[in-house]
Amino acid sequence: MGTQSDIKLIDENGLRLDGRSAGDLRPIRIEAGVLERADGSAMIEWGGNKIIVAVYGPREAYPKHNQDINRAIVKARYNMAAFSVDERKRPGPDRRSIEISKVLSEALSAAIMVEQFPRAQIDVFIEVLQADAGTRIAGLTASSVAIADAGIPMRDFVTGCTAGKVDGKVVLDLSKEEDNFGQADLPVAALPKSGKIVLMQMDGDLSVEEFETATSMIMNAIPRINEIQRNALSSRVKVEGGGGE
Amino acid sequence: MNWNLKSSLFPVNVGEEIMKTREVVLPGDEVSLGGLKARNGLYKNGESKFCSAYFGTIQRSEQFVDVVPFWGTYMPRRGDRVIGKVIEIGPSMWIVDINAPYTSLLHMNDAPWRINSGDLKRYMNTGDYVIAKVLSLNEIKESWLTLKDVGLRKLEGGTIVSIQAPKVPRIIGKNGTMVNMIKDMTLTRIIVGQNGLIWLDGTPGNVIIAIEAIELVKNEAHTIGLTDRVKAFLESKKGEIVGNAE
């Protein structure tokens, strides 16, 4: 963001570097139940992003002073692998990943029926294996699939998407170059059925009109992404139900 | 086939009807009640419509609609018979792991023996299994077990296998048909806990066949005609069963 460059991100035909038009998403593939040991798991490939999510719990929260007598606490841990970016990332939590972990935990608590599990804790481990812009949203989208896969009661899925401003134009689902050299980035996550927003952050500047265009683009994309989430789960039953007649 | 034990009160043919119309739902999907009452796994959304809370199947019985998740943890309910493992011993209580998010307590006064405080180890040590009943449960999910009822006891010997708690009703079957069939055909003693732990005792070879049958039920729990397939499987293994009359 904010880095100036003379790369043209949008050509004269209005197409972006990877050939998408302003409202196109990158290809998304989600697979549920990829890990044997976890209670629930999912893997997402969103453009160049590759993320694995593992869910454990609900289980009794430890240390005990962290327990909430009324509800379960959701502990998401967003972690980037050292090899996930071009230059080696120093492993371990840093300022950025601690912040992302916090906002993702809050976004997921809005969908999970936390009040059914007093004193418990639900762990969500989000491991970014390859990063290519929009990892928090991709991680969140995969997390809600993994949580549904774990059999944890949820009000709805959590589905996210980003939009941003590139070369003065509002576009959906920023790629890495657009994220690095664009003027703004707006990740949003919502509950697709009710349209309630559970996460919204902004990096860079957007005018009010641009912001409104961006959010409406995102809200249009969310049902499309939700469909992919739903298919990831239902295809799991079809595969396992192979023995049925 | 009945997924929920409570619905075994309903006529048998209702169960068959459910199998054919079983429908998969995802979290947030609206569920039409068709005049029935919503029970487990459903919630009311902002527009007071009933929606599924789980990724699972819809089960309609005579009065109720339930959403049964495919996977999930066991949540203790009062009156459930569960198999637990003693993990810690206090001066007057055993702390028991019942395969739920929370541990449970078994007080010495709820055990069938006359015990002096501090002397609990002589009766049950860590690692021992019990079949117990959930005596009470409070708002914050603290639960107490009891051993004072028919059939409740410390489990001596035998093997424990675990399955997902939502699949327990399938292992039991309509009025216990499935588990009784496995018991009779493998000549094994089996106790199924509501929490997904199963205790088996018998000749090692027989127990292995019984476990294979349970695995079959576990893997195909959401399919139709399962009882027949398990029966066919057990018939094919009949020759390997030790102590069979034939």
# chains A, B, ... in the order shown; residues from 1 in each chain; ligands from 1
$ closest_atom_pairs --of "chain A" --to "chain B" --cutoff "7 Å" --atoms "only C-alpha atoms" --output "CSV"
residue,atom,partner,partner_atom,distance
A:Pro58,CA,B:Pro101,CA,5.7
A:Arg59,CA,B:Pro101,CA,4.1
A:Glu60,CA,B:Pro101,CA,5.5
A:Ile69,CA,B:Ile140,CA,6.6
A:Pro118,CA,B:Ile140,CA,5.5
A:Ala120,CA,B:Pro101,CA,6.9
A:Ala148,CA,B:Phe55,CA,5.9
A:Asp149,CA,B:Phe55,CA,7.0
A:Ala150,CA,B:Gly72,CA,6.0
A:Gly151,CA,B:Gly72,CA,4.3
A:Ile152,CA,B:Gly72,CA,6.4
A:Pro153,CA,B:Ala53,CA,4.8
A:Met154,CA,B:Ala53,CA,4.9
A:Arg155,CA,B:Gly28,CA,5.3
A:Asp156,CA,B:Gly28,CA,4.3
A:Phe157,CA,B:Pro27,CA,6.5
A:Lys193,CA,B:Gly28,CA,6.9
A:Gly241,CA,B:Thr223,CA,6.7
A:Gly243,CA,B:Glu220,CA,6.6
A:Gly244,CA,B:Thr223,CA,4.7
A:Glu245,CA,B:Ile224,CA,6.4
$ write_last_selection --atoms "N, CA and C atoms" --output "PDB file, in the first residue's frame"
ATOM      1  N   PRO A  58     -14.983 -27.865  21.073  1.00  0.00           N
ATOM      2  CA  PRO A  58     -14.766 -27.148  22.319  1.00  0.00           C
ATOM      3  C   PRO A  58     -14.149 -28.038  23.395  1.00  0.00           C
ATOM      4  N   ARG A  59     -13.217 -27.485  24.136  1.00  0.00           N
ATOM      5  CA  ARG A  59     -12.622 -28.189  25.263  1.00  0.00           C
ATOM      6  C   ARG A  59     -12.438 -27.181  26.400  1.00  0.00           C
ATOM      7  N   GLU A  60     -12.236 -27.696  27.597  1.00  0.00           N
ATOM      8  CA  GLU A  60     -12.158 -26.809  28.748  1.00  0.00           C
ATOM      9  C   GLU A  60     -11.007 -25.814  28.545  1.00  0.00           C
ATOM     10  N   ILE A  69     -17.432 -17.671  32.131  1.00  0.00           N
ATOM     11  CA  ILE A  69     -18.471 -18.489  32.741  1.00  0.00           C
ATOM     12  C   ILE A  69     -19.728 -18.560  31.864  1.00  0.00           C
ATOM     13  N   PRO A 118     -20.217 -22.937  27.965  1.00  0.00           N
ATOM     14  CA  PRO A 118     -19.579 -22.113  28.981  1.00  0.00           C
ATOM     15  C   PRO A 118     -18.236 -22.717  29.397  1.00  0.00           C
ATOM     16  N   ALA A 120     -15.579 -23.094  28.002  1.00  0.00           N
ATOM     17  CA  ALA A 120     -14.814 -23.857  27.021  1.00  0.00           C
ATOM     18  C   ALA A 120     -13.997 -22.947  26.111  1.00  0.00           C
ATOM     19  N   ALA A 148     -17.540 -25.770  10.850  1.00  0.00           N
ATOM     20  CA  ALA A 148     -18.733 -26.550  10.513  1.00  0.00           C
ATOM     21  C   ALA A 148     -18.359 -28.020  10.411  1.00  0.00           C
ATOM     22  N   ASP A 149     -17.182 -28.295   9.878  1.00  0.00           N
ATOM     23  CA  ASP A 149     -16.698 -29.671   9.731  1.00  0.00           C
ATOM     24  C   ASP A 149     -16.461 -30.321  11.092  1.00  0.00           C
ATOM     25  N   ALA A 150     -16.122 -29.504  12.094  1.00  0.00           N
ATOM     26  CA  ALA A 150     -15.881 -30.046  13.428  1.00  0.00           C
ATOM     27  C   ALA A 150     -17.188 -30.336  14.172  1.00  0.00           C
ATOM     28  N   GLY A 151     -18.313 -29.976  13.567  1.00  0.00           N
ATOM     29  CA  GLY A 151     -19.599 -30.219  14.217  1.00  0.00           C
ATOM     30  C   GLY A 151     -19.898 -29.233  15.328  1.00  0.00           C
ATOM     31  N   ILE A 152     -19.307 -28.051  15.252  1.00  0.00           N
ATOM     32  CA  ILE A 152     -19.564 -27.009  16.242  1.00  0.00           C
ATOM     33  C   ILE A 152     -20.759 -26.192  15.752  1.00  0.00           C
ATOM     34  N   PRO A 153     -21.762 -25.947  16.623  1.00  0.00           N
ATOM     35  CA  PRO A 153     -22.948 -25.218  16.154  1.00  0.00           C
ATOM     36  C   PRO A 153     -22.630 -23.777  15.766  1.00  0.00           C
ATOM     37  N   MET A 154     -23.127 -23.410  14.599  1.00  0.00           N
ATOM     38  CA  MET A 154     -22.889 -22.065  14.065  1.00  0.00           C
ATOM     39  C   MET A 154     -24.202 -21.481  13.574  1.00  0.00           C
ATOM     40  N   ARG A 155     -24.354 -20.169  13.691  1.00  0.00           N
ATOM     41  CA  ARG A 155     -25.539 -19.516  13.155  1.00  0.00           C
ATOM     42  C   ARG A 155     -25.470 -19.458  11.631  1.00  0.00           C
ATOM     43  N   ASP A 156     -24.286 -19.284  11.137  1.00  0.00           N
ATOM     44  CA  ASP A 156     -24.110 -19.124   9.701  1.00  0.00           C
ATOM     45  C   ASP A 156     -22.628 -19.312   9.382  1.00  0.00           C
ATOM     46  N   PHE A 157     -22.318 -19.372   8.115  1.00  0.00           N
ATOM     47  CA  PHE A 157     -20.916 -19.359   7.724  1.00  0.00           C
ATOM     48  C   PHE A 157     -20.355 -17.955   7.948  1.00  0.00           C
ATOM     49  N   LYS A 193     -26.029 -15.197   5.054  1.00  0.00           N
ATOM     50  CA  LYS A 193     -27.499 -15.255   5.062  1.00  0.00           C
ATOM     51  C   LYS A 193     -28.093 -13.917   5.498  1.00  0.00           C
ATOM     52  N   GLY A 241     -20.310 -41.035   1.710  1.00  0.00           N
ATOM     53  CA  GLY A 241     -21.561 -41.787   1.604  1.00  0.00           C
ATOM     54  C   GLY A 241     -21.537 -42.771   0.460  1.00  0.00           C
ATOM     55  N   GLY A 243     -20.870 -45.731   0.248  1.00  0.00           N
ATOM     56  CA  GLY A 243     -21.407 -47.048   0.559  1.00  0.00           C
ATOM     57  C   GLY A 243     -22.922 -47.108   0.571  1.00  0.00           C
ATOM     58  N   GLY A 244     -23.564 -45.961   0.523  1.00  0.00           N
ATOM     59  CA  GLY A 244     -25.023 -45.924   0.626  1.00  0.00           C
ATOM     60  C   GLY A 244     -25.704 -46.338  -0.659  1.00  0.00           C
ATOM     61  N   GLU A 245     -26.974 -46.732  -0.535  1.00  0.00           N
ATOM     62  CA  GLU A 245     -27.680 -47.096  -1.763  1.00  0.00           C
ATOM     63  C   GLU A 245     -28.858 -46.152  -2.021  1.00  0.00           C
TER      64      GLU A 245
END
$ select_by_dssp --residues "stretch 1-240 of chain B" --states "strand (DSSP E)" --output "NGL selection string"
:B and (23-25 or 37-38 or 42-44 or 50-52 or 56-60 or 64-69 or 81-89 or 93-97 or 104-107 or 129-137 or 143-146 or 153-155 or 159-162 or 189-192 or 197-201)
$ residues_around --residues "stretch 223-230 of chain A" --least-positions-apart "2" --cutoff "10 Å" --atoms "only C-alpha atoms" --output "VMD selection string"
(chain A and resid 25 28 to 32 42 44 141 to 142 144 to 146 148 157 to 161 191 to 193 195 218 to 221 232 to 235) or (chain B and resid 25 to 27 55)
$ write_last_selection --atoms "C-alpha atoms" --output "PDB file, in the first residue's frame"
ATOM      1  CA  LEU A  25     -12.559 -13.166  -8.212  1.00  0.00           C
ATOM      2  CA  ILE A  28     -11.038 -20.458  -5.176  1.00  0.00           C
ATOM      3  CA  ARG A  29     -10.926 -24.087  -4.099  1.00  0.00           C
ATOM      4  CA  ILE A  30     -11.834 -25.299  -0.614  1.00  0.00           C
ATOM      5  CA  GLU A  31     -11.512 -28.813   0.707  1.00  0.00           C
ATOM      6  CA  ALA A  32     -12.907 -29.882   4.081  1.00  0.00           C
ATOM      7  CA  ALA A  42     -10.116 -27.276   5.824  1.00  0.00           C
ATOM      8  CA  ILE A  44      -8.189 -23.260   0.853  1.00  0.00           C
ATOM      9  CA  THR A 141     -13.384 -18.251   4.953  1.00  0.00           C
ATOM     10  CA  ALA A 142     -11.620 -21.589   5.414  1.00  0.00           C
ATOM     11  CA  SER A 144     -15.730 -21.324   9.079  1.00  0.00           C
ATOM     12  CA  VAL A 145     -15.704 -24.426   6.852  1.00  0.00           C
ATOM     13  CA  ALA A 146     -13.386 -26.162   9.325  1.00  0.00           C
ATOM     14  CA  ALA A 148     -18.733 -26.550  10.513  1.00  0.00           C
ATOM     15  CA  PHE A 157     -20.916 -19.359   7.724  1.00  0.00           C
ATOM     16  CA  VAL A 158     -18.421 -16.532   7.820  1.00  0.00           C
ATOM     17  CA  THR A 159     -17.475 -15.470   4.317  1.00  0.00           C
ATOM     18  CA  GLY A 160     -15.015 -12.798   3.416  1.00  0.00           C
ATOM     19  CA  CYS A 161     -13.670 -10.929   0.440  1.00  0.00           C
ATOM     20  CA  LEU A 191     -22.536 -13.720   7.569  1.00  0.00           C
ATOM     21  CA  PRO A 192     -23.876 -14.487   4.090  1.00  0.00           C
ATOM     22  CA  LYS A 193     -27.499 -15.255   5.062  1.00  0.00           C
ATOM     23  CA  GLY A 195     -25.509  -9.884   5.509  1.00  0.00           C
ATOM     24  CA  ILE A 218     -17.867  -7.418  -1.811  1.00  0.00           C
ATOM     25  CA  MET A 219     -21.439  -8.098  -0.746  1.00  0.00           C
ATOM     26  CA  ASN A 220     -22.169  -9.331  -4.266  1.00  0.00           C
ATOM     27  CA  ALA A 221     -19.153 -11.619  -4.237  1.00  0.00           C
ATOM     28  CA  ALA A 232     -16.664 -28.136   0.117  1.00  0.00           C
ATOM     29  CA  LEU A 233     -18.743 -29.585   2.938  1.00  0.00           C
ATOM     30  CA  SER A 234     -21.485 -31.299   0.989  1.00  0.00           C
ATOM     31  CA  SER A 235     -19.004 -33.015  -1.325  1.00  0.00           C
TER      32      SER A 235
ATOM     33  CA  VAL B  25     -28.277 -29.155   5.685  1.00  0.00           C
ATOM     34  CA  LEU B  26     -25.505 -26.657   6.358  1.00  0.00           C
ATOM     35  CA  PRO B  27     -25.237 -24.037   9.097  1.00  0.00           C
ATOM     36  CA  PHE B  55     -23.641 -29.461   9.095  1.00  0.00           C
TER      37      PHE B  55
END
$ atom_distance --atom1 "atom CA of A:Ala107" --atom2 "atom CA of A:Gly164"
20.5 Å
$ select_by_dssp --residues "stretch 141-187 of chain A" --states "helix (DSSP H, G or I)" --output "PyMOL selection string"
chain A and resi 141-149+176-181
$ residues_around --residues "A:Asp11" --least-positions-apart "3" --cutoff "12 Å" --atoms "only C-alpha atoms" --output "list in words"
Ile7, Lys8, Gly14, Leu15, Arg16, Leu17, Asp18, Gly19, Arg20, Ser21, Ala22, Val166, Asp167 and Lys169 of chain A
$ write_last_selection --atoms "C-alpha atoms" --output "JSON list (two decimals), in the first residue's frame"
[["chain", "number", "residue", "atom", "x", "y", "z"],
["A", 7, "ILE", "CA", 3.78, -0.45, -13.15],
["A", 8, "LYS", "CA", 0.45, -0.18, -14.93],
["A", 14, "GLY", "CA", -9.76, -2.23, -18.10],
["A", 15, "LEU", "CA", -8.15, -5.63, -17.52],
["A", 16, "ARG", "CA", -5.88, -6.30, -14.59],
["A", 17, "LEU", "CA", -2.40, -7.86, -14.59],
["A", 18, "ASP", "CA", -3.78, -11.39, -14.35],
["A", 19, "GLY", "CA", -6.42, -10.70, -17.00],
["A", 20, "ARG", "CA", -9.35, -10.26, -14.65],
["A", 21, "SER", "CA", -11.87, -7.47, -14.96],
["A", 22, "ALA", "CA", -12.71, -5.26, -11.97],
["A", 166, "VAL", "CA", -5.93, 0.25, -7.88],
["A", 167, "ASP", "CA", -4.80, 2.89, -10.38],
["A", 169, "LYS", "CA", -10.26, 2.31, -9.86]]
$ residues_around --residues "B:Ile171" --least-positions-apart "5" --cutoff "12 Å" --atoms "only C-alpha atoms" --output "count of residues only"
41
$ closest_residue --among "A:Ile147, A:Leu104, A:Leu9, A:Val237" --to "A:Val198" --atoms "only C-alpha atoms"
A:Leu104
$ closest_residue --among "B:Ile209, B:Leu120, B:Leu147, B:Ile172" --to "B:Thr186" --atoms "only C-alpha atoms"
B:Ile209
$ residues_around --residues "stretch 33-38 of chain B" --least-positions-apart "6" --cutoff "6 Å" --atoms "only C-alpha atoms" --output "ChimeraX atom specification"
/B:63-65
$ write_last_selection --atoms "C-alpha atoms" --output "PDB file, in the first residue's frame"
ATOM      1  CA  GLN B  63     -43.590 -34.578  16.747  1.00  0.00           C
ATOM      2  CA  PHE B  64     -40.140 -33.118  16.344  1.00  0.00           C
ATOM      3  CA  VAL B  65     -37.584 -31.958  13.842  1.00  0.00           C
TER       4      VAL B  65
END
$ residues_around --residues "A:Leu174" --least-positions-apart "4" --cutoff "9 Å" --atoms "only C-alpha atoms" --output "list in words"
Leu25, Arg26, Ala133, Gly134, Thr162, Ala163, Gly164, Lys165, Val166, Glu178, Asp179, Gly182 and Asp185 of chain A
$ closest_residue --among "A:Ala131, A:Leu35, A:Val170, A:Val74" --to "A:Arg88" --atoms "only C-alpha atoms"
A:Ala131
$ closest_residue --among "A:Val85, A:Ala61, A:Ala111, A:Val124" --to "A:Ala38" --atoms "only C-alpha atoms"
A:Val124
$ closest_residue --among "B:Arg39, B:Arg114, B:Arg81, B:Lys121" --to "B:Met93" --atoms "only C-alpha atoms"
B:Lys121
